[in-house]
Structures are given as structure tokens and as C-alpha cells.
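File shown here: run_13.cif, holding mmCIF, C-alpha atoms.
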```cif
data_model
loop_
_atom_site.label_atom_id
_atom_site.label_comp_id
_atom_site.auth_asym_id
_atom_site.auth_seq_id
_atom_site.Cartn_x
_atom_site.Cartn_y
_atom_site.Cartn_z
CA MET V 1 -35.78 12.83 -7.93
CA ASN V 2 -33.75 12.27 -11.08
CA THR V 3 -31.26 14.94 -10.05
CA ASN V 4 -30.58 13.22 -6.74
CA THR V 5 -30.25 9.86 -8.48
CA LYS V 6 -27.62 11.24 -10.85
CA SER V 7 -25.74 13.27 -8.25
CA GLY V 8 -25.30 10.31 -5.92
CA PRO V 9 -22.70 8.44 -8.03
CA LEU V 10 -20.99 11.75 -8.86
CA LEU V 11 -20.57 12.59 -5.20
CA MET V 12 -19.33 9.08 -4.45
CA ARG V 13 -16.79 9.33 -7.26
CA ALA V 14 -15.69 12.79 -6.09
CA ARG V 15 -15.21 11.43 -2.60
CA ALA V 16 -13.19 8.50 -3.96
CA VAL V 17 -10.98 10.96 -5.89
CA ALA V 18 -10.38 13.09 -2.80
CA VAL V 19 -9.64 10.04 -0.64
CA ALA V 20 -7.24 8.62 -3.25
CA ALA V 21 -5.43 11.95 -3.52
CA GLY V 22 -5.12 12.26 0.26
CA ARG V 23 -3.88 8.71 0.64
CA GLY V 24 -1.41 9.17 -2.19
CA PHE V 25 -0.06 12.29 -0.52
CA VAL V 26 0.38 10.47 2.80
CA LEU V 27 2.11 7.59 1.01
CA ALA V 28 4.46 9.97 -0.76
CA LEU V 29 5.41 11.60 2.55
CA VAL V 30 6.20 8.19 4.07
CA THR V 31 7.59 6.38 1.03
CA LEU V 32 10.66 8.46 0.23
CA PRO V 33 12.15 8.91 3.73
CA GLY V 34 11.13 5.41 4.82
CA ALA V 35 12.64 3.67 1.79
CA VAL V 36 15.82 5.74 1.85
CA LEU V 37 16.30 5.21 5.58
CA GLY V 38 15.61 1.47 5.41
CA PHE V 39 17.89 0.91 2.42
CA THR V 40 20.74 3.00 3.87
CA LEU V 41 20.61 1.39 7.30
CA THR V 42 20.50 -2.10 5.77
CA LEU V 43 23.56 -1.54 3.58
CA THR V 44 25.43 0.06 6.46
CA SER V 45 24.57 -2.76 8.85
CA ILE V 46 25.52 -5.49 6.37
CA SER V 47 28.84 -3.77 5.71
CA LEU V 48 29.59 -3.90 9.45
CA ILE V 49 29.20 -7.69 9.65
CA PRO V 50 32.93 -8.39 9.01
CA ILE V 51 33.88 -6.47 12.17
CA GLY V 52 31.12 -8.10 14.25
CA ILE V 53 28.87 -5.09 14.83
CA GLY V 54 26.60 -6.08 11.95
CA PHE V 55 25.67 -9.35 13.65
CA VAL V 56 23.95 -7.32 16.34
CA THR V 57 22.43 -4.54 14.21
CA THR V 58 21.38 -6.44 11.08
CA PRO V 59 18.51 -8.45 12.63
CA TRP V 60 17.08 -5.27 14.14
CA VAL V 61 17.36 -3.32 10.89
CA LEU V 62 15.91 -6.12 8.75
CA THR V 63 13.07 -6.58 11.23
CA GLY V 64 12.27 -2.89 10.78
CA VAL V 65 12.38 -3.23 6.98
CA ARG V 66 10.01 -6.20 7.19
CA ALA V 67 7.66 -4.23 9.41
CA PHE V 68 7.71 -1.38 6.86
CA ALA V 69 6.98 -3.84 4.03
CA ASP V 70 4.21 -5.54 6.02
CA TRP V 71 2.66 -2.15 6.72
CA ARG V 72 2.58 -1.51 2.97
CA ARG V 73 0.93 -4.91 2.47
CA VAL V 74 -1.78 -4.01 4.96
CA VAL V 75 -2.33 -0.58 3.39
CA ALA V 76 -2.51 -2.10 -0.11
CA ALA V 77 -5.18 -4.57 1.00
CA GLU V 78 -7.23 -2.05 3.00
CA TRP V 79 -7.07 0.89 0.58
CA CYS V 80 -7.19 -0.77 -2.83
CA GLY V 81 -7.87 -4.46 -2.23
CA VAL V 82 -4.44 -5.42 -3.62
CA ARG V 83 -3.25 -8.55 -1.82
CA ILE V 84 0.52 -8.88 -1.48
CA PRO V 85 1.53 -12.25 -0.01
CA SER V 86 4.23 -12.38 2.63
CA ALA V 87 6.64 -15.35 2.51
CA TYR V 88 9.25 -14.68 5.17
CA ARG V 89 10.87 -17.71 6.69
CA PRO V 90 10.19 -17.94 10.44
CA ILE V 91 13.02 -16.76 12.68
CA PRO V 92 12.94 -18.14 16.24
CA GLU V 93 13.18 -15.29 18.72
CA GLY V 94 15.52 -17.16 21.02
CA ALA V 95 18.24 -17.68 18.39
CA LYS V 96 21.67 -16.10 18.75
CA PRO V 97 22.30 -12.81 16.87
CA TRP V 98 24.62 -14.38 14.29
CA THR V 99 22.12 -17.21 13.73
CA ARG V 100 19.32 -14.70 13.17
CA THR V 101 21.55 -12.65 10.85
CA TYR V 102 22.48 -15.67 8.75
CA ALA V 103 18.88 -16.89 8.62
CA MET V 104 17.53 -13.51 7.54
CA LEU V 105 20.23 -12.90 4.93
CA SER V 106 19.71 -16.39 3.48
CA ASP V 107 16.00 -15.68 3.07
CA PRO V 108 15.21 -14.63 -0.55
CA ALA V 109 12.47 -12.38 0.83
CA THR V 110 15.14 -10.16 2.44
CA TRP V 111 16.77 -9.37 -0.92
CA ARG V 112 13.36 -8.87 -2.48
CA ASP V 113 12.65 -6.26 0.21
CA LEU V 114 15.90 -4.46 -0.66
CA ARG V 115 14.96 -4.38 -4.35
CA TRP V 116 11.57 -3.04 -3.40
CA LEU V 117 13.08 -0.25 -1.29
CA GLN V 118 15.03 0.96 -4.33
CA VAL V 119 11.89 0.95 -6.46
CA ASP V 120 9.84 2.52 -3.69
CA MET V 121 12.13 5.54 -3.35
CA THR V 122 11.94 6.22 -7.10
CA ALA V 123 9.01 4.92 -9.14
CA GLY V 124 7.02 4.15 -6.02
CA PHE V 125 7.34 7.72 -4.78
CA VAL V 126 6.26 9.12 -8.16
CA THR V 127 3.22 6.85 -8.50
CA ALA V 128 2.18 7.63 -4.92
CA LEU V 129 2.47 11.38 -5.48
CA LEU V 130 0.70 11.47 -8.86
CA PRO V 131 -2.91 11.17 -7.56
CA ALA V 132 -2.41 14.08 -5.16
CA ALA V 133 -0.37 16.15 -7.63
CA LEU V 134 -3.00 15.79 -10.36
CA LEU V 135 -5.83 16.98 -8.12
CA PHE V 136 -3.78 19.79 -6.56
CA GLN V 137 -2.71 21.00 -10.00
CA ALA V 138 -6.33 21.20 -11.09
CA LEU V 139 -7.28 23.20 -8.00
CA GLU V 140 -4.30 25.48 -8.55
CA GLY V 141 -5.62 26.38 -12.01
CA PHE V 142 -8.97 27.38 -10.54
CA ALA V 143 -7.24 29.43 -7.84
CA LEU V 144 -5.26 31.35 -10.49
CA ALA V 145 -8.43 32.02 -12.48
CA ALA V 146 -10.12 33.29 -9.30
CA GLY V 147 -7.45 35.99 -8.85
CA LEU V 148 -4.46 34.33 -7.25
CA TRP V 149 -2.42 35.32 -10.33
CA ARG V 150 -2.29 38.90 -9.01
CA ALA V 151 0.08 37.79 -6.26
CA PHE V 152 2.66 37.03 -8.99
CA SER V 153 1.92 39.90 -11.35
CA GLY V 154 4.85 41.97 -10.08
CA SER V 155 7.42 39.24 -10.71
CA GLY V 156 6.96 38.74 -14.46
CA GLY V 157 3.95 36.43 -14.21
CA TYR V 158 3.59 32.80 -13.21
CA TRP V 159 3.99 29.63 -15.23
CA TYR V 160 1.14 27.19 -14.75
CA GLU V 161 2.16 24.12 -16.71
CA PHE V 162 2.66 25.57 -20.21
CA VAL V 163 0.43 28.66 -19.62
CA HIS V 164 2.25 31.89 -18.75
CA VAL V 165 -0.18 33.75 -16.48
CA THR V 166 0.33 37.51 -16.63
CA ASP V 167 -3.24 38.91 -16.67
CA GLN V 168 -6.84 37.85 -16.14
CA THR V 169 -7.19 36.45 -19.65
CA SER V 170 -4.23 34.11 -19.29
CA ALA V 171 -5.49 33.30 -15.78
CA LEU V 172 -8.77 32.17 -17.30
CA GLY V 173 -6.75 29.99 -19.68
CA ALA V 174 -5.09 28.44 -16.61
CA GLY V 175 -8.57 27.85 -15.22
CA VAL V 176 -9.61 26.04 -18.40
CA LEU V 177 -6.48 23.88 -18.20
CA GLY V 178 -7.28 23.24 -14.53
CA GLY V 179 -10.74 22.06 -15.61
CA VAL V 180 -9.16 19.59 -18.03
CA LEU V 181 -6.85 18.34 -15.30
CA LEU V 182 -9.82 18.01 -12.96
CA VAL V 183 -11.60 15.81 -15.48
CA VAL V 184 -8.46 13.69 -15.81
CA ALA V 185 -8.13 13.53 -12.02
CA TYR V 186 -11.80 12.59 -11.68
CA ARG V 187 -11.31 9.74 -14.12
CA TYR V 188 -7.87 8.41 -13.22
CA THR V 189 -6.88 9.37 -9.65
CA PRO V 190 -8.14 6.16 -7.93
CA ASP V 191 -6.60 4.10 -10.76
CA LEU V 192 -3.24 5.83 -10.26
CA LEU V 193 -3.22 4.91 -6.57
CA ASN V 194 -4.13 1.36 -7.51
CA ALA V 195 -1.24 1.34 -9.99
CA HIS V 196 1.13 2.26 -7.17
CA PHE V 197 0.08 -0.79 -5.20
CA ARG V 198 0.21 -3.05 -8.25
CA LEU V 199 3.79 -1.88 -8.77
CA THR V 200 4.47 -2.67 -5.11
CA ARG V 201 2.99 -6.13 -5.53
CA ALA V 202 5.07 -6.79 -8.65
CA VAL V 203 8.29 -6.13 -6.73
CA LEU V 204 7.36 -7.14 -3.19
CA GLY V 205 5.19 -10.17 -3.89
CA ALA V 206 6.55 -13.68 -3.50
CA SER V 207 8.11 -15.25 -6.59
CA GLN V 208 7.09 -18.59 -8.06
CA GLY V 209 10.18 -20.21 -6.55
CA GLU V 210 9.28 -19.00 -3.08
CA LEU V 211 5.70 -20.14 -3.51
CA ALA V 212 7.00 -23.55 -4.57
CA GLU V 213 9.14 -23.65 -1.41
CA ARG V 214 6.06 -22.73 0.60
CA VAL V 215 4.13 -25.60 -0.99
CA ARG V 216 6.98 -27.97 -0.14
CA VAL V 217 6.94 -26.89 3.51
CA LEU V 218 3.17 -27.26 3.70
CA THR V 219 3.42 -30.72 2.16
CA GLU V 220 5.96 -31.76 4.79
CA THR V 221 3.89 -30.39 7.66
CA ARG V 222 0.79 -32.12 6.32
CA ARG V 223 2.69 -35.41 6.17
CA ASP V 224 3.89 -34.86 9.73
CA ALA V 225 0.31 -34.17 10.80
CA VAL V 226 -0.88 -37.42 9.19
CA ASP V 227 1.94 -39.38 10.83
CA THR V 228 1.19 -37.79 14.19
CA SER V 229 -2.50 -38.62 13.87
CA ALA V 230 -1.71 -42.24 12.98
CA ALA V 231 0.65 -42.52 15.95
CA GLU V 232 -2.01 -41.01 18.21
CA LEU V 233 -4.58 -43.57 17.03
CA ARG V 234 -2.13 -46.41 17.71
CA ARG V 235 -1.47 -45.01 21.19
CA ILE V 236 -5.19 -44.83 21.94
CA GLU V 237 -5.70 -48.39 20.71
CA ARG V 238 -2.74 -49.62 22.81
CA ASP V 239 -3.92 -47.83 25.93
CA LEU V 240 -7.42 -49.23 25.54
CA HIS V 241 -6.11 -52.75 24.99
CA ASP V 242 -3.56 -52.73 27.80
CA GLY V 243 -5.52 -50.63 30.25
CA ALA V 244 -9.27 -50.25 30.49
CA GLN V 245 -10.08 -53.21 28.24
CA ALA V 246 -7.90 -55.59 30.29
CA ARG V 247 -9.48 -54.38 33.53
CA LEU V 248 -13.00 -54.80 32.15
CA VAL V 249 -12.21 -58.34 30.98
CA ALA V 250 -10.80 -59.18 34.41
CA MET V 251 -13.86 -57.66 36.06
CA GLY V 252 -16.14 -59.81 33.90
CA MET V 253 -14.24 -62.93 34.92
CA ASP V 254 -14.51 -61.92 38.60
CA LEU V 255 -18.26 -61.45 38.23
CA GLY V 256 -18.56 -64.93 36.74
CA THR V 257 -16.61 -66.39 39.69
CA ILE V 258 -18.74 -64.39 42.13
CA GLU V 259 -21.88 -65.84 40.60
CA MET V 260 -20.59 -69.39 41.29
CA LEU V 261 -19.41 -68.58 44.84
CA MET V 262 -22.50 -66.74 46.06
CA ASP V 263 -23.95 -69.89 47.66
CA LYS V 264 -20.79 -71.94 48.27
CA ASP V 265 -18.43 -69.30 49.74
CA PRO V 266 -20.16 -65.94 50.47
CA ALA V 267 -17.04 -64.54 52.16
CA LYS V 268 -14.91 -65.15 49.10
CA ALA V 269 -17.68 -63.75 46.89
CA LYS V 270 -17.68 -60.52 48.97
CA GLU V 271 -13.93 -60.24 48.56
CA LEU V 272 -14.23 -60.61 44.80
CA ILE V 273 -17.06 -58.06 44.70
CA ALA V 274 -14.79 -55.50 46.40
CA GLN V 275 -12.04 -56.34 43.92
CA ALA V 276 -14.46 -55.95 41.00
CA ARG V 277 -15.58 -52.60 42.37
CA LYS V 278 -11.97 -51.41 42.57
CA SER V 279 -11.34 -52.66 39.00
CA SER V 280 -14.35 -50.69 37.75
CA VAL V 281 -13.08 -47.53 39.47
CA ASP V 282 -9.60 -48.01 38.00
CA ALA V 283 -11.04 -48.68 34.53
CA LEU V 284 -13.17 -45.54 34.74
CA ALA V 285 -10.13 -43.48 35.81
CA GLU V 286 -8.08 -44.86 32.91
CA LEU V 287 -10.89 -44.06 30.46
CA ARG V 288 -11.07 -40.52 31.82
CA ASP V 289 -7.30 -40.11 31.44
CA LEU V 290 -7.55 -41.46 27.91
CA VAL V 291 -10.33 -39.03 27.01
CA ARG V 292 -8.35 -36.20 28.59
CA GLY V 293 -5.40 -37.20 26.40
CA ILE V 294 -7.54 -37.03 23.27
CA HIS V 295 -9.25 -33.69 24.00
CA PRO V 296 -9.56 -32.48 27.59
CA PRO V 297 -13.14 -31.53 28.52
CA VAL V 298 -11.91 -28.35 30.24
CA LEU V 299 -10.28 -27.28 26.97
CA ALA V 300 -13.53 -27.69 25.05
CA GLU V 301 -15.65 -26.05 27.75
CA ARG V 302 -13.47 -23.24 29.12
CA GLY V 303 -10.72 -22.61 26.60
CA LEU V 304 -6.94 -22.77 26.44
CA GLY V 305 -6.15 -20.55 29.44
CA ASP V 306 -8.17 -22.56 31.96
CA ALA V 307 -7.02 -25.85 30.43
CA VAL V 308 -3.37 -24.87 30.94
CA ARG V 309 -4.15 -23.76 34.51
CA ALA V 310 -5.75 -27.15 35.17
CA LEU V 311 -2.71 -28.81 33.64
CA ALA V 312 -0.40 -26.82 35.94
CA LEU V 313 -2.36 -27.85 39.04
CA ARG V 314 -1.54 -31.52 38.38
CA LEU V 315 2.22 -30.91 38.18
CA PRO V 316 4.49 -31.82 41.10
CA VAL V 317 6.42 -28.56 40.53
CA SER V 318 5.20 -25.11 41.60
CA THR V 319 3.86 -23.52 38.41
CA GLU V 320 2.56 -19.99 37.77
CA VAL V 321 0.31 -19.41 34.77
CA SER V 322 -0.33 -15.95 33.29
CA VAL V 323 -3.06 -15.68 30.63
CA GLU V 324 -3.99 -12.64 28.53
CA LEU V 325 -6.43 -13.93 25.91
CA VAL V 326 -9.48 -11.86 24.97
CA GLY V 327 -11.13 -14.67 23.03
CA ARG V 328 -10.70 -18.22 21.80
CA ALA V 329 -8.78 -19.61 18.87
CA GLU V 330 -10.14 -22.31 16.60
CA ALA V 331 -10.44 -25.74 18.24
CA PRO V 332 -7.55 -27.37 16.29
CA VAL V 333 -5.22 -24.51 17.21
CA GLU V 334 -6.24 -24.66 20.87
CA SER V 335 -5.71 -28.42 20.90
CA ALA V 336 -2.26 -28.15 19.30
CA ALA V 337 -1.23 -25.39 21.71
CA TYR V 338 -2.52 -27.33 24.73
CA PHE V 339 -0.66 -30.52 23.92
CA ALA V 340 2.47 -28.56 23.00
CA VAL V 341 2.41 -26.89 26.43
CA SER V 342 1.71 -30.26 28.04
CA GLU V 343 4.73 -31.83 26.34
CA VAL V 344 7.02 -28.92 27.26
CA LEU V 345 5.88 -29.02 30.90
CA THR V 346 6.37 -32.79 31.02
CA ASN V 347 9.93 -32.36 29.71
CA ALA V 348 10.61 -29.64 32.28
CA VAL V 349 9.38 -31.82 35.16
CA LYS V 350 11.28 -34.90 34.00
CA HIS V 351 14.60 -33.50 32.84
CA SER V 352 15.24 -29.95 34.06
CA GLY V 353 15.45 -30.48 37.81
CA ALA V 354 13.53 -27.22 38.24
CA ASP V 355 11.52 -26.36 41.34
CA ARG V 356 9.60 -23.52 39.68
CA ILE V 357 7.96 -23.05 36.27
CA TRP V 358 6.32 -20.00 34.70
CA VAL V 359 3.85 -20.19 31.80
CA ASP V 360 2.73 -17.10 29.87
CA LEU V 361 0.00 -17.09 27.22
CA HIS V 362 -1.00 -13.99 25.28
CA HIS V 363 -2.18 -12.96 21.83
CA SER V 364 -0.86 -9.99 19.87
CA GLU V 365 -0.39 -9.02 16.22
CA GLY V 366 -2.22 -12.09 14.97
CA MET V 367 0.01 -14.47 16.96
CA LEU V 368 -0.73 -16.76 19.87
CA ARG V 369 2.48 -16.60 21.90
CA ILE V 370 3.26 -19.08 24.66
CA SER V 371 6.42 -19.16 26.76
CA VAL V 372 7.35 -21.80 29.31
CA THR V 373 10.28 -20.91 31.58
CA ASP V 374 11.89 -23.03 34.28
CA ASN V 375 14.77 -22.43 36.68
CA GLY V 376 16.36 -25.83 36.05
CA LYS V 377 19.80 -26.89 34.88
CA GLY V 378 19.31 -25.96 31.20
CA GLY V 379 20.83 -27.77 28.24
CA ALA V 380 17.54 -28.45 26.42
CA VAL V 381 17.85 -28.76 22.63
CA ILE V 382 15.57 -29.50 19.70
CA GLY V 383 16.85 -32.78 18.33
CA ALA V 384 15.64 -35.89 16.62
CA GLY V 385 13.78 -38.12 19.05
CA SER V 386 13.33 -35.41 21.67
CA GLY V 387 9.95 -34.27 22.89
CA LEU V 388 10.69 -30.76 21.65
CA ALA V 389 11.14 -32.06 18.09
CA GLY V 390 7.64 -33.51 18.30
CA VAL V 391 6.30 -30.18 19.57
CA GLU V 392 7.97 -28.40 16.65
CA ARG V 393 6.30 -30.77 14.18
CA ARG V 394 2.94 -30.30 15.87
CA LEU V 395 3.20 -26.51 15.66
CA GLY V 396 4.48 -26.65 12.08
CA THR V 397 1.11 -28.01 10.99
CA PHE V 398 -0.32 -24.57 11.80
CA ASP V 399 2.67 -22.54 10.54
CA GLY V 400 3.80 -22.23 14.15
CA VAL V 401 7.41 -21.98 15.29
CA LEU V 402 9.31 -23.14 18.34
CA ALA V 403 12.37 -21.44 19.87
CA VAL V 404 14.46 -22.73 22.75
CA SER V 405 16.89 -20.75 24.89
CA SER V 406 18.56 -23.11 27.37
CA PRO V 407 22.16 -22.27 28.32
CA ALA V 408 24.05 -24.64 30.59
CA GLY V 409 23.05 -23.91 34.15
CA GLY V 410 19.68 -22.55 33.05
CA PRO V 411 17.21 -21.05 32.96
CA THR V 412 15.34 -22.65 30.06
CA MET V 413 12.77 -20.72 28.05
CA VAL V 414 10.68 -22.42 25.38
CA THR V 415 8.74 -19.99 23.18
CA MET V 416 5.95 -21.06 20.84
CA GLU V 417 4.12 -18.91 18.29
CA ILE V 418 1.07 -19.89 16.26
CA PRO V 419 -0.55 -17.47 13.78
CA CYS V 420 -4.27 -17.32 14.52
CA GLU V 421 -7.15 -15.00 15.27
CA LEU V 422 -9.29 -15.03 18.40
CA SER V 423 -13.07 -14.95 18.33
#
```

Written as C-alpha cells, that's how I'd like the structure from this file.
Amino acid sequence: MNTNTKSGPLLMRARAVAVAAGRGFVLALVTLPGAVLGFTLTLTSISLIPIGIGFVTTPWVLTGVRAFADWRRVVAAEWCGVRIPSAYRPIPEGAKPWTRTYAMLSDPATWRDLRWLQVDMTAGFVTALLPAALLFQALEGFALAAGLWRAFSGSGGYWYEFVHVTDQTSALGAGVLGGVLLVVAYRYTPDLLNAHFRLTRAVLGASQGELAERVRVLTETRRDAVDTSAAELRRIERDLHDGAQARLVAMGMDLGTIEMLMDKDPAKAKELIAQARKSSVDALAELRDLVRGIHPPVLAERGLGDAVRALALRLPVSTEVSVELVGRAEAPVESAAYFAVSEVLTNAVKHSGADRIWVDLHHSEGMLRISVTDNGKGGAVIGAGSGLAGVERRLGTFDGVLAVSSPAGGPTMVTMEIPCELS
């Protein structure tokens, strides 16, 4: 009973050592070639910018470097619980190559990635290899003590660390040294792997200045969200006052007149009753439209995909909707996405002159991606006072981005991305 109780933690620790050594070995195999390749391609691509080729290649290369860095962030969190924040500025997918190149090179995170690649191919490679090397060295000492030294006896012996193995006695000395290394590996191997990721975080993590910039952006988006909410409340109040409320007041006055005319002029009373009935129907329709504008029932009951399909059915333009969502996002995200799509579709119907619209919704890599494409005349831009500027502010509340590709003559593609998870 006691033996099993004591051996349990020992086995768990031994397993942790073996796992750390294996992971360190995999990291070492990936770190050196990946860092060297990424750094070399980046420098080469940037050097080609003056002749124009770099404008095309640089965004692709830097996107690959960011993917490599993000993979390391994921591995650090999953293997050792080391969180490395990512603070890349959003790059709209529809931007021109030179715009994307300028935006990525002006991002401080890009130059931080390049510094990290240099560290990763040197100190990072060493710290990743150490956990595996320490354990393998210990096992090598045991193998020499078990008789492996005989394979080197004809070549003047074998140096194991500082022990020159030439016979069984010196091989046993190598075994003792291997035992010492095994104790060290047992104690420090997981910590060495953790040190590798702490080094990665020290170089790759966002600086205080970048975090301050992030806070500033979040402050602006929060202010935009408050302003949008206040404007929405004023719109609801105005619609109630000018619409349903006015109709209900008029209906009440008609009912009072009907009450006086019931005996004096039944025909006129019947006419007013019909008018009151029509006013009640109109008021109910306006209230339903108002509720739909606040939060459509179909969105709450059936999710974003069906809500957008219902929205498309009410459009005067032929609209195809493609949905690939395996779950539902949080209600605020769904609401923001729905009204963003609604605004983009309204703009397309009003201004594009299109006779066909395609809407695509899907979720991948932690992003809800929505694209709205029309075959209209093009020329759409994100500018102050435009509906697209409002959509951009709405998405910014959730760290979402908006990209517009709309050359003269069309077609127009509006792409929206919102980071979220589906449940």
C-alpha cells in the first residue's frame, strides 16, 4: 500500500520528464530550420521592395512568420501554461498588396517577430534541445556501462563527457555519471522546457507600449459602442413617438368619436370602426418592425444563419445565402454580425445597382467570417458618414475588422471578421 502510494508521484514525474524531453526534441527540430527560413525569407523579401517584387512577396512571408509565432504561442500555452499575448494590428484581406506591406511593416509586432526569430535560432534552439540532450546523455551513460563501450574499444576508446571509456571499469564510471545526469534530468528537465517558453515570451510578448496602444483602441471602441447604443435608443424613441404611438392615439380618438356616433350615425360609426381596425393592424406591424430592429426573434430562436436567410428573403434583389456554422456565437456577437450584414445588404440594394447578391457565413480558426458580394457598379468605400463606417465601428467593439474590395465597374465584396468561439 505504502509502496504504491510512493511510486505514484515518481511515475508521474518520470512521465513528465520523458514528455518534456520529447517535446523539447521536437521543438529543436522545428525551431532551427523554421527560424532560419523565416528570417532569411523576410530579409530577402524586404530587400526586394524597391524593385516592386517585395510588395507582392512580403505580405505572404510575414503572414507565414506570424503563423509560426502564433503556433509557438499555442504550444507554449498547451505544453507549459505560458501565455504569450498576440498584439498584431488587423490587416483587411481585401487591401492592395502595397497597402498590406506598409501596414505590416509599420506594425511594431512585425519587428518583434524578427527579433524573436534571431533569438529562436540561437538561444531558443539551445534551450529547446537541453531537456532532450540531458535525458539522452544520461541514458547513453547507462548504455556504455551495459557494454556498448566495446563497440568503440578498437578505436582508442570513447569520450563520454569527461570520462574516457576504454574498459569495463571506466564504462562503469560513465554509468555513475549517467546516474548523476539522470537525477539532474529528473529534477530539471520540465523546468528547462518551461525556461524555453519563458524566453520566448520575453522576446515575443507584447511590450508595454503596444499594450497601451491596445488599451487606447479598446477605449475608442467602447466609446463608439456607447454612442451607438445611445443613438439606437433615440431611434427607438423616435420611431415609437412618430409611428405606433401616433397611430394608437389616433385610434383612441376614433373610438371616442365612434362611441358618440353609435346612435346618431351608425354608418359613419362603422366607417370609423374599419379605420380604427386598420390603424391597429398598422400599429401592430410597426411595433413588430421595431422589435425586429432591436433583436429579431428569428435571431434569438434559430441563430445567425437562419436570421440572415430570413433577411435575404425580404430583399427585392435575388440573394443566395451560404452558411457553414456548426454552433452559435454569443448573443452580442450574433446581434452585431446580423445588423452588420443587414446594413451591408441595405447599402447594396440602395446604391450598387446589382441584380444579384451572394452572402457567405462560416467559422474557422476562431473567426466568424462573413462576405457579402454583389455584381453592381462598384465604387463602395469606407468613409465618414457612410453606412460602412458605421458597420466598421460596430464590428470594432468586438475586435472585428471590415474590408471592402469595390473597383469601378464592380463587383463589390465586403468581408467582415469577428473573433469568437461557437458553442

Residue neighbourhood V:Leu193, 12 Å, all atoms listed in the file, exclusion window fewer than 5 positions, as a ChimeraX atom specification: /V:16-28,75-76,79-82,124-134,185,188,198-200

Counting only C-alpha atoms, which residues sit no farther than 12 Å from the position (11.3, -34.1, 30.5) in the file's frame? I'd like them as a list in words.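 Those residues, ordered by chain and then number, are Ser342, Glu343, Val344, Leu345, Thr346, Asn347, Ala348, Val349, Lys350, His351, Ser352, Gly353, Ala354, Asp374, Gly376, Lys377, Gly378, Gly379, Ala380, Val381, Ser386, Gly387 and Leu388 of chain V.
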
Who sits within 9 Å of V:Ala138, all atoms listed in the file, same chain under 3 positions skipped, as a list in words: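 Skipping anything fewer than 3 positions along the chain leaves Ala133, Leu134, Leu135, Gly141, Phe142, Ala143, Gly175, Leu177, Gly178, Gly179, Val180, Leu181, Leu182, Val183 and Ala185 of chain V.
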
Quote the spacing between atom CA of V:Met413 and atom CA of V:Asn375 in Å to one decimal place.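 Separation between atom CA of V:Met413 and atom CA of V:Asn375: 9.0 Å.
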
Tell me which protein, DNA and RNA residues are within 8 Å of V:Ala337, counting only C-alpha atoms, leaving out same-chain ones fewer than 4 positions away, and put them as a VMD selection string. chain V and resid 304 333 341 395

Could you save the residues just selected, with C-alpha atoms, as an mmCIF file, keeping the file's coordinate frame?
```cif
data_model
loop_
_atom_site.group_PDB
_atom_site.id
_atom_site.type_symbol
_atom_site.label_atom_id
_atom_site.label_comp_id
_atom_site.auth_asym_id
_atom_site.auth_seq_id
_atom_site.Cartn_x
_atom_site.Cartn_y
_atom_site.Cartn_z
ATOM 1 C CA LEU V 304 -6.940 -22.770 26.440
ATOM 2 C CA VAL V 333 -5.220 -24.510 17.210
ATOM 3 C CA VAL V 341 2.410 -26.890 26.430
ATOM 4 C CA LEU V 395 3.200 -26.510 15.660
#
```

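Closest approach to V:Trp60 among V:Val74, V:Leu32, V:Ala14, V:Leu41: V:Leu41, based on all atoms listed in the file.
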
Could you write out as a list of chain:residue names the residues that the PyMOL selection byres ((chain V and resi 90) around 10) matches in the shown file?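 Applied to this file, the PyMOL selection byres ((chain V and resi 90) around 10) selects V:Ala87, V:Tyr88, V:Arg89, V:Ile91, V:Pro92, V:Glu93, V:Ala103, V:Met104, V:Asp107, V:Asp399, V:Gly400, V:Val401, V:Leu402, V:Glu417.
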
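Atom pair atom CA of V:Cys420 / atom CA of V:Glu365: separated by 9.3 Å.
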
In Å, how far is it from atom CA of V:Thr58 to atom CA of V:Ser364?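 Rounded to one decimal, the two atoms are 24.2 Å apart.
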
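Applied to this file, the PyMOL selection byres ((chain V and resi 65-68) around 10) selects the residues Thr31, Gly34, Ala35, Leu37, Gly38, Phe39, Leu41, Thr42, Pro59, Trp60, Val61, Leu62, Thr63, Gly64, Ala69, Asp70, Trp71, Arg72, Arg73, Ser86, Tyr88, Ala109, Thr110, Asp113, Leu114 and Leu117 of chain V.
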
Excluding V:Gly205 and any residue of its chain fewer than 2 positions from it, enumerate the residues within 8 Å of it, using all atoms listed in the file, and give them as a PyMOL selection string. chain V and resi 84-86+200-203+207

Centre and edge lengths of an axis-aligned box around all listed atoms of stretch 351-368 of chain V, with 3 Å added on each side, are to be given in Å to one decimal, as JSON.
```
{"center_x": 6.6, "center_y": -21.3, "center_z": 28.2, "size_x": 23.7, "size_y": 30.5, "size_z": 32.4}
```

Write out as a ChimeraX atom specification each polymer residue whose atoms come within 10 Å of V:Val372, counting all atoms listed in the file; drop sequence neighbours fewer than 5 positions from it. /V:319-321,341,344-345,348,357-361,404,412-416

Counting all atoms listed in the file, which of V:Val56, V:Leu139, V:Lys268, V:Gly396 gets nearest to V:Tyr102?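 Ranking V:Val56, V:Leu139, V:Lys268, V:Gly396 by distance to V:Tyr102, first place goes to V:Val56.
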